[in-house]
file upload_0.cif (mmCIF, C-alpha atoms; chains and numbers go by the auth columns)
data_coords
#
loop_
_atom_site.group_PDB
_atom_site.id
_atom_site.type_symbol
_atom_site.label_atom_id
_atom_site.label_comp_id
_atom_site.label_asym_id
_atom_site.label_seq_id
_atom_site.Cartn_x
_atom_site.Cartn_y
_atom_site.Cartn_z
_atom_site.B_iso_or_equiv
_atom_site.auth_seq_id
_atom_site.auth_asym_id
ATOM 1 C CA MET A 1 -61.045 -59.154 -21.136 0.00 20 A
ATOM 2 C CA GLN A 2 -59.128 -59.847 -17.938 0.00 21 A
ATOM 3 C CA ARG A 3 -60.760 -58.590 -14.762 0.00 22 A
ATOM 4 C CA SER A 4 -57.792 -56.397 -13.744 0.00 23 A
ATOM 5 C CA SER A 5 -57.513 -54.684 -17.141 0.00 24 A
ATOM 6 C CA PHE A 6 -61.285 -54.041 -17.099 0.00 25 A
ATOM 7 C CA PHE A 7 -61.009 -52.282 -13.730 0.00 26 A
ATOM 8 C CA ILE A 8 -57.994 -50.260 -14.903 0.00 27 A
ATOM 9 C CA THR A 9 -59.953 -49.149 -17.987 0.00 28 A
ATOM 10 C CA VAL A 10 -62.998 -48.179 -15.900 0.00 29 A
ATOM 11 C CA LEU A 11 -60.768 -46.338 -13.406 0.00 30 A
ATOM 12 C CA PHE A 12 -59.003 -44.441 -16.217 0.00 31 A
ATOM 13 C CA GLN A 13 -62.279 -43.466 -17.881 0.00 32 A
ATOM 14 C CA THR A 14 -63.757 -42.304 -14.560 0.00 33 A
ATOM 15 C CA ALA A 15 -60.665 -40.233 -13.768 0.00 34 A
ATOM 16 C CA THR A 16 -60.743 -38.737 -17.265 0.00 35 A
ATOM 17 C CA LEU A 17 -64.418 -37.809 -16.958 0.00 36 A
ATOM 18 C CA LEU A 18 -63.858 -36.237 -13.528 0.00 37 A
ATOM 19 C CA SER A 19 -60.876 -34.215 -14.744 0.00 38 A
ATOM 20 C CA LEU A 20 -62.852 -32.936 -17.738 0.00 39 A
ATOM 21 C CA THR A 21 -65.661 -31.628 -15.550 0.00 40 A
ATOM 22 C CA SER A 22 -63.172 -29.273 -13.904 0.00 41 A
ATOM 23 C CA LEU A 23 -62.095 -27.758 -17.234 0.00 42 A
ATOM 24 C CA PRO A 24 -63.406 -24.263 -17.885 0.00 43 A
ATOM 25 C CA ALA A 25 -66.354 -24.146 -20.258 0.00 44 A
ATOM 26 C CA CYS A 26 -65.200 -22.575 -23.469 0.00 45 A
ATOM 27 C CA GLY A 27 -66.938 -22.114 -26.790 0.00 46 A
ATOM 28 C CA ASP A 28 -63.653 -22.381 -28.667 0.00 47 A
ATOM 29 C CA PRO A 29 -62.987 -26.038 -29.495 0.00 48 A
ATOM 30 C CA GLU A 30 -59.450 -25.129 -30.571 0.00 49 A
ATOM 31 C CA SER A 31 -58.601 -24.563 -26.897 0.00 50 A
ATOM 32 C CA HIS A 32 -59.137 -28.302 -26.342 0.00 51 A
ATOM 33 C CA GLN A 33 -57.105 -29.311 -29.398 0.00 52 A
ATOM 34 C CA HIS A 34 -54.697 -32.196 -28.820 0.00 53 A
ATOM 35 C CA ARG A 35 -56.040 -32.989 -25.350 0.00 54 A
ATOM 36 C CA VAL A 36 -56.177 -36.760 -24.925 0.00 55 A
ATOM 37 C CA LEU A 37 -59.621 -37.748 -23.723 0.00 56 A
ATOM 38 C CA VAL A 38 -59.385 -41.537 -23.754 0.00 57 A
ATOM 39 C CA GLU A 39 -56.662 -44.055 -24.436 0.00 58 A
ATOM 40 C CA ALA A 40 -58.535 -47.171 -25.484 0.00 59 A
ATOM 41 C CA PRO A 41 -57.291 -50.729 -25.724 0.00 60 A
ATOM 42 C CA ASN A 42 -55.495 -51.671 -28.946 0.00 61 A
ATOM 43 C CA GLN A 43 -53.403 -48.455 -28.849 0.00 62 A
ATOM 44 C CA LEU A 44 -56.246 -46.119 -29.828 0.00 63 A
ATOM 45 C CA ARG A 45 -56.160 -42.506 -28.636 0.00 64 A
ATOM 46 C CA LEU A 46 -59.422 -40.583 -28.888 0.00 65 A
ATOM 47 C CA THR A 47 -58.889 -36.829 -28.772 0.00 66 A
ATOM 48 C CA ASP A 48 -60.760 -33.591 -29.288 0.00 67 A
ATOM 49 C CA ALA A 49 -64.223 -35.141 -28.725 0.00 68 A
ATOM 50 C CA ARG A 50 -66.931 -32.497 -29.077 0.00 69 A
ATOM 51 C CA LEU A 51 -70.664 -32.299 -29.780 0.00 70 A
ATOM 52 C CA ARG A 52 -72.398 -29.333 -31.413 0.00 71 A
ATOM 53 C CA ALA A 53 -74.865 -27.454 -29.185 0.00 72 A
ATOM 54 C CA VAL A 54 -78.370 -27.148 -30.628 0.00 73 A
ATOM 55 C CA PRO A 55 -80.932 -24.335 -30.565 0.00 74 A
ATOM 56 C CA PRO A 56 -84.272 -24.851 -28.782 0.00 75 A
ATOM 57 C CA GLY A 57 -86.496 -27.399 -30.505 0.00 76 A
ATOM 58 C CA VAL A 58 -83.732 -29.017 -32.570 0.00 77 A
ATOM 59 C CA ARG A 59 -83.361 -32.721 -31.820 0.00 78 A
ATOM 60 C CA VAL A 60 -80.371 -33.571 -34.055 0.00 79 A
ATOM 61 C CA SER A 61 -76.709 -32.795 -33.495 0.00 80 A
ATOM 62 C CA ALA A 62 -73.304 -33.807 -34.840 0.00 81 A
ATOM 63 C CA ALA A 63 -70.253 -34.974 -32.922 0.00 82 A
ATOM 64 C CA TYR A 64 -66.601 -34.930 -33.919 0.00 83 A
ATOM 65 C CA LEU A 65 -63.292 -36.326 -32.677 0.00 84 A
ATOM 66 C CA ASN A 66 -59.899 -37.581 -33.779 0.00 85 A
ATOM 67 C CA ILE A 67 -59.118 -41.289 -33.603 0.00 86 A
ATOM 68 C CA GLU A 68 -55.374 -41.970 -33.529 0.00 87 A
ATOM 69 C CA ALA A 69 -54.390 -45.580 -34.148 0.00 88 A
ATOM 70 C CA GLY A 70 -51.173 -47.175 -32.954 0.00 89 A
ATOM 71 C CA ALA A 71 -49.479 -50.079 -34.694 0.00 90 A
ATOM 72 C CA ALA A 72 -52.750 -51.996 -35.056 0.00 91 A
ATOM 73 C CA ALA A 73 -55.577 -50.980 -37.390 0.00 92 A
ATOM 74 C CA ASP A 74 -59.172 -51.075 -36.148 0.00 93 A
ATOM 75 C CA ARG A 75 -62.699 -50.324 -37.367 0.00 94 A
ATOM 76 C CA LEU A 76 -65.340 -48.089 -35.733 0.00 95 A
ATOM 77 C CA LEU A 77 -68.539 -50.150 -35.950 0.00 96 A
ATOM 78 C CA SER A 78 -71.157 -48.116 -34.091 0.00 97 A
ATOM 79 C CA VAL A 79 -71.879 -45.324 -31.641 0.00 98 A
ATOM 80 C CA ARG A 80 -74.416 -45.342 -28.819 0.00 99 A
ATOM 81 C CA PRO A 81 -75.531 -42.459 -26.588 0.00 100 A
ATOM 82 C CA LEU A 82 -75.277 -43.096 -22.836 0.00 101 A
ATOM 83 C CA ALA A 83 -76.496 -41.490 -19.590 0.00 102 A
ATOM 84 C CA ASP A 84 -78.505 -38.287 -20.268 0.00 103 A
ATOM 85 C CA LEU A 85 -78.648 -39.041 -24.006 0.00 104 A
ATOM 86 C CA ALA A 86 -79.636 -42.719 -23.640 0.00 105 A
ATOM 87 C CA ALA A 87 -83.026 -42.078 -25.296 0.00 106 A
ATOM 88 C CA ALA A 88 -81.285 -40.784 -28.435 0.00 107 A
ATOM 89 C CA ARG A 89 -79.891 -42.842 -31.294 0.00 108 A
ATOM 90 C CA ALA A 90 -76.634 -42.298 -33.157 0.00 109 A
ATOM 91 C CA GLU A 91 -75.011 -43.165 -36.475 0.00 110 A
ATOM 92 C CA ILE A 92 -71.622 -42.821 -38.125 0.00 111 A
ATOM 93 C CA HIS A 93 -71.979 -40.602 -41.228 0.00 112 A
ATOM 94 C CA ARG A 94 -69.971 -39.430 -44.192 0.00 113 A
ATOM 95 C CA THR A 95 -70.690 -36.407 -46.352 0.00 114 A
ATOM 96 C CA VAL A 96 -70.865 -37.187 -50.068 0.00 115 A
ATOM 97 C CA VAL A 97 -71.468 -34.971 -53.095 0.00 116 A
ATOM 98 C CA ASP A 98 -73.784 -36.438 -55.712 0.00 117 A
ATOM 99 C CA ALA A 99 -73.625 -35.929 -59.497 0.00 118 A
ATOM 100 C CA ASP A 100 -75.730 -32.732 -59.188 0.00 119 A
ATOM 101 C CA GLY A 101 -73.281 -31.210 -56.700 0.00 120 A
ATOM 102 C CA VAL A 102 -75.686 -31.707 -53.791 0.00 121 A
ATOM 103 C CA MET A 103 -74.071 -32.607 -50.462 0.00 122 A
ATOM 104 C CA ARG A 104 -75.740 -35.517 -48.696 0.00 123 A
ATOM 105 C CA LEU A 105 -75.145 -37.146 -45.344 0.00 124 A
ATOM 106 C CA ARG A 106 -74.947 -40.935 -45.623 0.00 125 A
ATOM 107 C CA PRO A 107 -74.823 -43.400 -42.736 0.00 126 A
ATOM 108 C CA ILE A 108 -72.011 -45.951 -42.623 0.00 127 A
ATOM 109 C CA PRO A 109 -73.555 -49.340 -41.766 0.00 128 A
ATOM 110 C CA ALA A 110 -72.100 -51.257 -38.810 0.00 129 A
ATOM 111 C CA THR A 111 -71.463 -54.168 -41.184 0.00 130 A
ATOM 112 C CA GLU A 112 -69.080 -51.904 -43.119 0.00 131 A
ATOM 113 C CA GLY A 113 -67.717 -49.794 -40.260 0.00 132 A
ATOM 114 C CA LEU A 114 -65.257 -46.928 -40.497 0.00 133 A
ATOM 115 C CA PRO A 115 -61.683 -48.137 -41.110 0.00 134 A
ATOM 116 C CA ILE A 116 -59.066 -46.737 -38.723 0.00 135 A
ATOM 117 C CA ALA A 117 -55.671 -47.193 -40.405 0.00 136 A
ATOM 118 C CA SER A 118 -52.661 -48.114 -38.286 0.00 137 A
ATOM 119 C CA ASN A 119 -50.257 -45.312 -37.314 0.00 138 A
ATOM 120 C CA GLN A 120 -52.653 -42.648 -38.644 0.00 139 A
ATOM 121 C CA THR A 121 -55.291 -40.243 -37.354 0.00 140 A
ATOM 122 C CA THR A 122 -58.843 -40.451 -38.664 0.00 141 A
ATOM 123 C CA ALA A 123 -60.534 -37.073 -38.226 0.00 142 A
ATOM 124 C CA LEU A 124 -64.299 -36.880 -37.789 0.00 143 A
ATOM 125 C CA GLU A 125 -65.030 -33.233 -38.606 0.00 144 A
ATOM 126 C CA PRO A 126 -67.603 -30.898 -40.194 0.00 145 A
ATOM 127 C CA GLY A 127 -68.044 -31.541 -43.914 0.00 146 A
ATOM 128 C CA GLY A 128 -66.586 -35.053 -43.762 0.00 147 A
ATOM 129 C CA LEU A 129 -66.861 -38.052 -41.502 0.00 148 A
ATOM 130 C CA HIS A 130 -68.878 -37.364 -38.327 0.00 149 A
ATOM 131 C CA LEU A 131 -71.304 -38.833 -35.815 0.00 150 A
ATOM 132 C CA MET A 132 -74.989 -37.894 -35.969 0.00 151 A
ATOM 133 C CA ILE A 133 -77.090 -37.939 -32.805 0.00 152 A
ATOM 134 C CA PHE A 134 -80.862 -38.138 -33.431 0.00 153 A
ATOM 135 C CA GLU A 135 -83.884 -37.727 -31.145 0.00 154 A
ATOM 136 C CA LEU A 136 -82.034 -35.745 -28.494 0.00 155 A
ATOM 137 C CA PRO A 137 -84.057 -35.854 -25.260 0.00 156 A
ATOM 138 C CA GLY A 138 -82.940 -32.327 -24.346 0.00 157 A
ATOM 139 C CA GLU A 139 -80.773 -29.459 -25.510 0.00 158 A
ATOM 140 C CA PRO A 140 -77.137 -29.908 -24.452 0.00 159 A
ATOM 141 C CA ALA A 141 -75.617 -26.486 -23.808 0.00 160 A
ATOM 142 C CA ALA A 142 -72.081 -25.309 -24.575 0.00 161 A
ATOM 143 C CA GLY A 143 -69.737 -26.521 -21.858 0.00 162 A
ATOM 144 C CA ASP A 144 -71.802 -29.614 -20.941 0.00 163 A
ATOM 145 C CA LEU A 145 -70.349 -33.104 -21.178 0.00 164 A
ATOM 146 C CA VAL A 146 -72.233 -35.938 -22.863 0.00 165 A
ATOM 147 C CA LEU A 147 -71.199 -39.572 -22.898 0.00 166 A
ATOM 148 C CA LEU A 148 -71.142 -41.716 -26.042 0.00 167 A
ATOM 149 C CA GLU A 149 -70.014 -45.309 -26.397 0.00 168 A
ATOM 150 C CA LEU A 150 -67.937 -46.002 -29.500 0.00 169 A
ATOM 151 C CA ARG A 151 -67.714 -49.686 -30.421 0.00 170 A
ATOM 152 C CA PHE A 152 -64.584 -50.813 -32.252 0.00 171 A
ATOM 153 C CA ALA A 153 -63.993 -54.203 -33.910 0.00 172 A
ATOM 154 C CA GLU A 154 -60.748 -54.812 -31.995 0.00 173 A
ATOM 155 C CA ALA A 155 -60.766 -52.404 -29.036 0.00 174 A
ATOM 156 C CA GLY A 156 -64.400 -53.155 -28.206 0.00 175 A
ATOM 157 C CA PRO A 157 -66.708 -50.602 -26.529 0.00 176 A
ATOM 158 C CA VAL A 158 -65.116 -47.372 -25.297 0.00 177 A
ATOM 159 C CA GLU A 159 -67.012 -44.695 -23.340 0.00 178 A
ATOM 160 C CA VAL A 160 -65.971 -41.215 -24.456 0.00 179 A
ATOM 161 C CA PRO A 161 -66.986 -37.884 -22.883 0.00 180 A
ATOM 162 C CA PHE A 162 -67.809 -35.257 -25.539 0.00 181 A
ATOM 163 C CA ARG A 163 -67.624 -31.536 -24.647 0.00 182 A
ATOM 164 C CA VAL A 164 -70.599 -29.576 -26.041 0.00 183 A
ATOM 165 C CA PHE A 165 -69.501 -26.513 -28.047 0.00 184 A
ATOM 166 C CA ASP A 166 -71.293 -23.616 -29.717 0.00 185 A
ATOM 167 C CA GLY A 167 -71.727 -24.786 -33.329 0.00 186 A
ATOM 168 C CA ASP A 168 -71.022 -21.362 -34.805 0.00 187 A
ATOM 169 C CA SER A 169 -67.533 -21.311 -33.302 0.00 188 A
ATOM 170 C CA GLU A 170 -66.252 -23.967 -35.703 0.00 189 A
ATOM 171 C CA GLY A 171 -68.112 -23.271 -38.900 0.00 190 A
ATOM 172 C CA ASP A 172 -70.286 -26.280 -38.129 0.00 191 A
ATOM 173 C CA ALA A 173 -73.491 -24.328 -38.678 0.00 192 A
ATOM 174 C CA GLU A 174 -72.430 -23.969 -42.316 0.00 193 A
ATOM 175 C CA HIS A 175 -71.957 -27.732 -42.553 0.00 194 A
ATOM 176 C CA HIS A 176 -75.528 -28.467 -41.518 0.00 195 A
ATOM 177 C CA ASN A 177 -77.388 -25.276 -42.478 0.00 196 A
ATOM 178 C CA GLY A 178 -75.547 -23.601 -45.352 0.00 197 A
ATOM 179 C CA GLN A 179 -74.885 -26.521 -47.622 0.00 198 A
ATOM 180 C CA LYS A 180 -76.901 -27.109 -50.761 0.00 199 A
ATOM 181 C CA ARG A 181 -79.312 -29.884 -49.855 0.00 200 A
ATOM 182 C CA LYS A 182 -82.517 -31.320 -51.206 0.00 201 A
ATOM 183 C CA ARG A 183 -85.618 -31.568 -49.038 0.00 202 A
ATOM 184 C CA GLY A 184 -85.584 -34.569 -46.699 0.00 203 A
ATOM 185 C CA ASP A 185 -81.801 -34.747 -46.260 0.00 204 A
ATOM 186 C CA ALA A 186 -80.364 -34.891 -42.752 0.00 205 A
#
call {"tool": "encode", "arguments": {"input": "upload_0.cif", "output": "structure tokens"}}
result
Amino acid sequence: MQRSSFFITVLFQTATLLSLTSLPACGDPESHQHRVLVEAPNQLRLTDARLRAVPPGVRVSAAYLNIEAGAAADRLLSVRPLADLAAARAEIHRTVVDADGVMRLRPIPATEGLPIASNQTTALEPGGLHLMIFELPGEPAAGDLVLLELRFAEAGPVEVPFRVFDGDSEGDAEHHNGQKRKRGDA
């Protein structure tokens, strides 16, 4: 990457993060709908990034966002927590229903990655594709910002601020607590 484009990217991400910290904390993720959080290289726009708040003692959460591709397709390979969440680990997941009708959360290996089709939006949302954050070092509260690095095959690593929201406000609690699951599932 050229030195000048690297500095422009860092400047843009810093300005974005600073502008987000001045937004009012709101438990309604719909109020942040369609807000562009990051414009990554390779014509990717990452919008609506949010992470579910967790109750005391819970060390796993889910994160969601929309990935809008431009003319070029890409592939999301991995996700990595940064800053306050650096001790955590993260995976890209998909929800699948097995032959018995049981919903299961399955990781997508980095070798496979998540395809991002050109000129389309890939939605990571409750009940479908999403990011799982494990071994949370603390309990992010609604309104907080957490930083995750998404690594794309073409765009490379992109730091994205995720707004923490109250999980009940989006039906997310049903996704992780009300689904029919067998013991040991995530």
call {"tool": "resolve_selection", "arguments": {"input": "upload_0.cif", "expression": "the PyMOL selection byres ((chain A and resi 140) around 6)", "output": "PyMOL selection string"}}
result
chain A and resi 86-87+139+141
call {"tool": "residues_near_point", "arguments": {"input": "upload_0.cif", "point": "(-50.6, -43.9, -36.8)", "cutoff": "10 Å", "atoms": "only C-alpha atoms", "output": "PyMOL selection string"}}
result
chain A and resi 62-64+86-92+135-141
call {"tool": "resolve_selection", "arguments": {"input": "upload_0.cif", "expression": "the PyMOL selection byres ((chain A and resi 126) around 8)", "output": "list in words"}}
result
Glu110, Ile111, His112, Arg113, Leu124, Arg125, Ile127 and Pro128 of chain A
call {"tool": "resolve_selection", "arguments": {"input": "upload_0.cif", "expression": "the PyMOL selection byres ((chain A and resi 79) around 12)", "output": "PDB file with C-alpha atoms, in the frame of the given file"}}
result
ATOM      1  CA  LEU A  70     -70.664 -32.299 -29.780  1.00  0.00           C
ATOM      2  CA  ARG A  71     -72.398 -29.333 -31.413  1.00  0.00           C
ATOM      3  CA  ALA A  72     -74.865 -27.454 -29.185  1.00  0.00           C
ATOM      4  CA  VAL A  73     -78.370 -27.148 -30.628  1.00  0.00           C
ATOM      5  CA  PRO A  74     -80.932 -24.335 -30.565  1.00  0.00           C
ATOM      6  CA  PRO A  75     -84.272 -24.851 -28.782  1.00  0.00           C
ATOM      7  CA  GLY A  76     -86.496 -27.399 -30.505  1.00  0.00           C
ATOM      8  CA  VAL A  77     -83.732 -29.017 -32.570  1.00  0.00           C
ATOM      9  CA  ARG A  78     -83.361 -32.721 -31.820  1.00  0.00           C
ATOM     10  CA  SER A  80     -76.709 -32.795 -33.495  1.00  0.00           C
ATOM     11  CA  ALA A  81     -73.304 -33.807 -34.840  1.00  0.00           C
ATOM     12  CA  ALA A  82     -70.253 -34.974 -32.922  1.00  0.00           C
ATOM     13  CA  LEU A 104     -78.648 -39.041 -24.006  1.00  0.00           C
ATOM     14  CA  ALA A 107     -81.285 -40.784 -28.435  1.00  0.00           C
ATOM     15  CA  ARG A 108     -79.891 -42.842 -31.294  1.00  0.00           C
ATOM     16  CA  ALA A 109     -76.634 -42.298 -33.157  1.00  0.00           C
ATOM     17  CA  GLU A 110     -75.011 -43.165 -36.475  1.00  0.00           C
ATOM     18  CA  LEU A 150     -71.304 -38.833 -35.815  1.00  0.00           C
ATOM     19  CA  MET A 151     -74.989 -37.894 -35.969  1.00  0.00           C
ATOM     20  CA  ILE A 152     -77.090 -37.939 -32.805  1.00  0.00           C
ATOM     21  CA  PHE A 153     -80.862 -38.138 -33.431  1.00  0.00           C
ATOM     22  CA  GLU A 154     -83.884 -37.727 -31.145  1.00  0.00           C
ATOM     23  CA  LEU A 155     -82.034 -35.745 -28.494  1.00  0.00           C
ATOM     24  CA  PRO A 156     -84.057 -35.854 -25.260  1.00  0.00           C
ATOM     25  CA  GLY A 157     -82.940 -32.327 -24.346  1.00  0.00           C
ATOM     26  CA  GLU A 158     -80.773 -29.459 -25.510  1.00  0.00           C
ATOM     27  CA  PRO A 159     -77.137 -29.908 -24.452  1.00  0.00           C
ATOM     28  CA  HIS A 195     -75.528 -28.467 -41.518  1.00  0.00           C
ATOM     29  CA  ALA A 205     -80.364 -34.891 -42.752  1.00  0.00           C
TER      30      ALA A 205
END
call {"tool": "closest_atom_pairs", "arguments": {"input": "upload_0.cif", "of": "segment 77-154 of chain A", "to": "segment 169-185 of chain A", "cutoff": "10 Å", "atoms": "only C-alpha atoms", "output": "JSON lines"}}
result
{"residue": "A:Ala82", "atom": "CA", "partner": "A:Phe181", "partner_atom": "CA", "distance": 7.8}
{"residue": "A:Tyr83", "atom": "CA", "partner": "A:Phe181", "partner_atom": "CA", "distance": 8.5}
{"residue": "A:Leu84", "atom": "CA", "partner": "A:Phe181", "partner_atom": "CA", "distance": 8.5}
{"residue": "A:Ala91", "atom": "CA", "partner": "A:Glu173", "partner_atom": "CA", "distance": 9.0}
{"residue": "A:Ala92", "atom": "CA", "partner": "A:Glu173", "partner_atom": "CA", "distance": 8.4}
{"residue": "A:Asp93", "atom": "CA", "partner": "A:Glu173", "partner_atom": "CA", "distance": 5.8}
{"residue": "A:Arg94", "atom": "CA", "partner": "A:Ala172", "partner_atom": "CA", "distance": 5.4}
{"residue": "A:Leu95", "atom": "CA", "partner": "A:Phe171", "partner_atom": "CA", "distance": 4.5}
{"residue": "A:Leu96", "atom": "CA", "partner": "A:Phe171", "partner_atom": "CA", "distance": 5.5}
{"residue": "A:Ser97", "atom": "CA", "partner": "A:Arg170", "partner_atom": "CA", "distance": 5.3}
{"residue": "A:Val98", "atom": "CA", "partner": "A:Leu169", "partner_atom": "CA", "distance": 4.5}
{"residue": "A:Arg99", "atom": "CA", "partner": "A:Leu169", "partner_atom": "CA", "distance": 6.5}
{"residue": "A:Pro100", "atom": "CA", "partner": "A:Leu169", "partner_atom": "CA", "distance": 8.9}
{"residue": "A:Leu101", "atom": "CA", "partner": "A:Glu178", "partner_atom": "CA", "distance": 8.4}
{"residue": "A:Ile111", "atom": "CA", "partner": "A:Leu169", "partner_atom": "CA", "distance": 9.9}
{"residue": "A:Ala129", "atom": "CA", "partner": "A:Arg170", "partner_atom": "CA", "distance": 9.6}
{"residue": "A:Gly132", "atom": "CA", "partner": "A:Ala172", "partner_atom": "CA", "distance": 8.6}
{"residue": "A:Leu133", "atom": "CA", "partner": "A:Phe171", "partner_atom": "CA", "distance": 9.1}
{"residue": "A:Pro134", "atom": "CA", "partner": "A:Ala172", "partner_atom": "CA", "distance": 9.7}
{"residue": "A:Ile135", "atom": "CA", "partner": "A:Phe171", "partner_atom": "CA", "distance": 9.4}
call {"tool": "atom_distance", "arguments": {"input": "upload_0.cif", "atom1": "atom CA of Asp103 of chain A", "atom2": "atom CA of Arg123 of chain A"}}
result
28.7 Å
call {"tool": "axis_aligned_box", "arguments": {"input": "upload_0.cif", "around": "segment 115-118 of chain A", "padding_each_side": "6 Å", "output": "AutoDock Vina command-line options"}}
result
--center_x -72.3 --center_y -36.1 --center_z -54.8 --size_x 14.9 --size_y 14.2 --size_z 21.4
call {"tool": "atom_distance", "arguments": {"input": "upload_0.cif", "atom1": "atom CA of Ala118 of chain A", "atom2": "atom CA of Ala142 of chain A"}}
result
25.0 Å
call {"tool": "atom_distance", "arguments": {"input": "upload_0.cif", "atom1": "atom CA of Asp163 of chain A", "atom2": "atom CA of Ala102 of chain A"}}
result
12.8 Å
call {"tool": "closest_residue", "arguments": {"input": "upload_0.cif", "among": "A:Asn85, A:Gly162, A:Leu148, A:Ala106", "to": "Gly186 of chain A", "atoms": "all atoms listed in the file"}}
result
A:Gly162
call {"tool": "build_atoms", "arguments": {"input": "upload_0.cif", "residues": "segment 133-153 of chain A", "atoms": "N, CA and C atoms", "output": "PDB file, in the coordinates of the input"}}
result
ATOM      1  N   LEU A 133     -66.181 -47.970 -40.059  1.00  0.00           N
ATOM      2  CA  LEU A 133     -65.257 -46.928 -40.497  1.00  0.00           C
ATOM      3  C   LEU A 133     -63.837 -47.407 -40.241  1.00  0.00           C
ATOM      4  N   PRO A 134     -63.055 -47.646 -41.305  1.00  0.00           N
ATOM      5  CA  PRO A 134     -61.683 -48.137 -41.110  1.00  0.00           C
ATOM      6  C   PRO A 134     -60.815 -47.094 -40.389  1.00  0.00           C
ATOM      7  N   ILE A 135     -60.035 -47.572 -39.437  1.00  0.00           N
ATOM      8  CA  ILE A 135     -59.066 -46.737 -38.723  1.00  0.00           C
ATOM      9  C   ILE A 135     -57.701 -47.330 -39.046  1.00  0.00           C
ATOM     10  N   ALA A 136     -56.954 -46.665 -39.933  1.00  0.00           N
ATOM     11  CA  ALA A 136     -55.671 -47.193 -40.405  1.00  0.00           C
ATOM     12  C   ALA A 136     -54.622 -47.121 -39.299  1.00  0.00           C
ATOM     13  N   SER A 137     -53.726 -48.092 -39.289  1.00  0.00           N
ATOM     14  CA  SER A 137     -52.661 -48.114 -38.286  1.00  0.00           C
ATOM     15  C   SER A 137     -51.723 -46.918 -38.470  1.00  0.00           C
ATOM     16  N   ASN A 138     -51.218 -46.421 -37.351  1.00  0.00           N
ATOM     17  CA  ASN A 138     -50.257 -45.312 -37.314  1.00  0.00           C
ATOM     18  C   ASN A 138     -50.754 -44.055 -38.022  1.00  0.00           C
ATOM     19  N   GLN A 139     -52.074 -43.845 -38.031  1.00  0.00           N
ATOM     20  CA  GLN A 139     -52.653 -42.648 -38.644  1.00  0.00           C
ATOM     21  C   GLN A 139     -53.772 -42.107 -37.771  1.00  0.00           C
ATOM     22  N   THR A 140     -54.163 -40.866 -38.043  1.00  0.00           N
ATOM     23  CA  THR A 140     -55.291 -40.243 -37.354  1.00  0.00           C
ATOM     24  C   THR A 140     -56.448 -40.135 -38.326  1.00  0.00           C
ATOM     25  N   THR A 141     -57.613 -40.605 -37.894  1.00  0.00           N
ATOM     26  CA  THR A 141     -58.843 -40.451 -38.664  1.00  0.00           C
ATOM     27  C   THR A 141     -59.623 -39.323 -38.015  1.00  0.00           C
ATOM     28  N   ALA A 142     -59.846 -38.249 -38.759  1.00  0.00           N
ATOM     29  CA  ALA A 142     -60.534 -37.073 -38.226  1.00  0.00           C
ATOM     30  C   ALA A 142     -62.009 -37.126 -38.586  1.00  0.00           C
ATOM     31  N   LEU A 143     -62.867 -37.044 -37.573  1.00  0.00           N
ATOM     32  CA  LEU A 143     -64.299 -36.880 -37.789  1.00  0.00           C
ATOM     33  C   LEU A 143     -64.550 -35.405 -37.578  1.00  0.00           C
ATOM     34  N   GLU A 144     -64.958 -34.687 -38.637  1.00  0.00           N
ATOM     35  CA  GLU A 144     -65.030 -33.233 -38.606  1.00  0.00           C
ATOM     36  C   GLU A 144     -66.152 -32.730 -39.516  1.00  0.00           C
ATOM     37  N   PRO A 145     -66.544 -31.455 -39.340  1.00  0.00           N
ATOM     38  CA  PRO A 145     -67.603 -30.898 -40.194  1.00  0.00           C
ATOM     39  C   PRO A 145     -67.256 -31.031 -41.679  1.00  0.00           C
ATOM     40  N   GLY A 146     -68.238 -31.428 -42.476  1.00  0.00           N
ATOM     41  CA  GLY A 146     -68.044 -31.541 -43.914  1.00  0.00           C
ATOM     42  C   GLY A 146     -67.446 -32.859 -44.357  1.00  0.00           C
ATOM     43  N   GLY A 147     -67.186 -33.764 -43.413  1.00  0.00           N
ATOM     44  CA  GLY A 147     -66.586 -35.053 -43.762  1.00  0.00           C
ATOM     45  C   GLY A 147     -67.217 -36.159 -42.944  1.00  0.00           C
ATOM     46  N   LEU A 148     -66.378 -37.006 -42.401  1.00  0.00           N
ATOM     47  CA  LEU A 148     -66.861 -38.052 -41.502  1.00  0.00           C
ATOM     48  C   LEU A 148     -67.313 -37.405 -40.198  1.00  0.00           C
ATOM     49  N   HIS A 149     -68.391 -37.908 -39.603  1.00  0.00           N
ATOM     50  CA  HIS A 149     -68.878 -37.364 -38.327  1.00  0.00           C
ATOM     51  C   HIS A 149     -69.890 -38.325 -37.724  1.00  0.00           C
ATOM     52  N   LEU A 150     -70.275 -38.067 -36.496  1.00  0.00           N
ATOM     53  CA  LEU A 150     -71.304 -38.833 -35.815  1.00  0.00           C
ATOM     54  C   LEU A 150     -72.568 -37.997 -35.777  1.00  0.00           C
ATOM     55  N   MET A 151     -73.704 -38.595 -36.063  1.00  0.00           N
ATOM     56  CA  MET A 151     -74.989 -37.894 -35.969  1.00  0.00           C
ATOM     57  C   MET A 151     -75.751 -38.456 -34.775  1.00  0.00           C
ATOM     58  N   ILE A 152     -76.290 -37.560 -33.963  1.00  0.00           N
ATOM     59  CA  ILE A 152     -77.090 -37.939 -32.805  1.00  0.00           C
ATOM     60  C   ILE A 152     -78.513 -37.477 -33.091  1.00  0.00           C
ATOM     61  N   PHE A 153     -79.469 -38.416 -33.107  1.00  0.00           N
ATOM     62  CA  PHE A 153     -80.862 -38.138 -33.431  1.00  0.00           C
ATOM     63  C   PHE A 153     -81.728 -38.283 -32.180  1.00  0.00           C
TER      64      PHE A 153
END
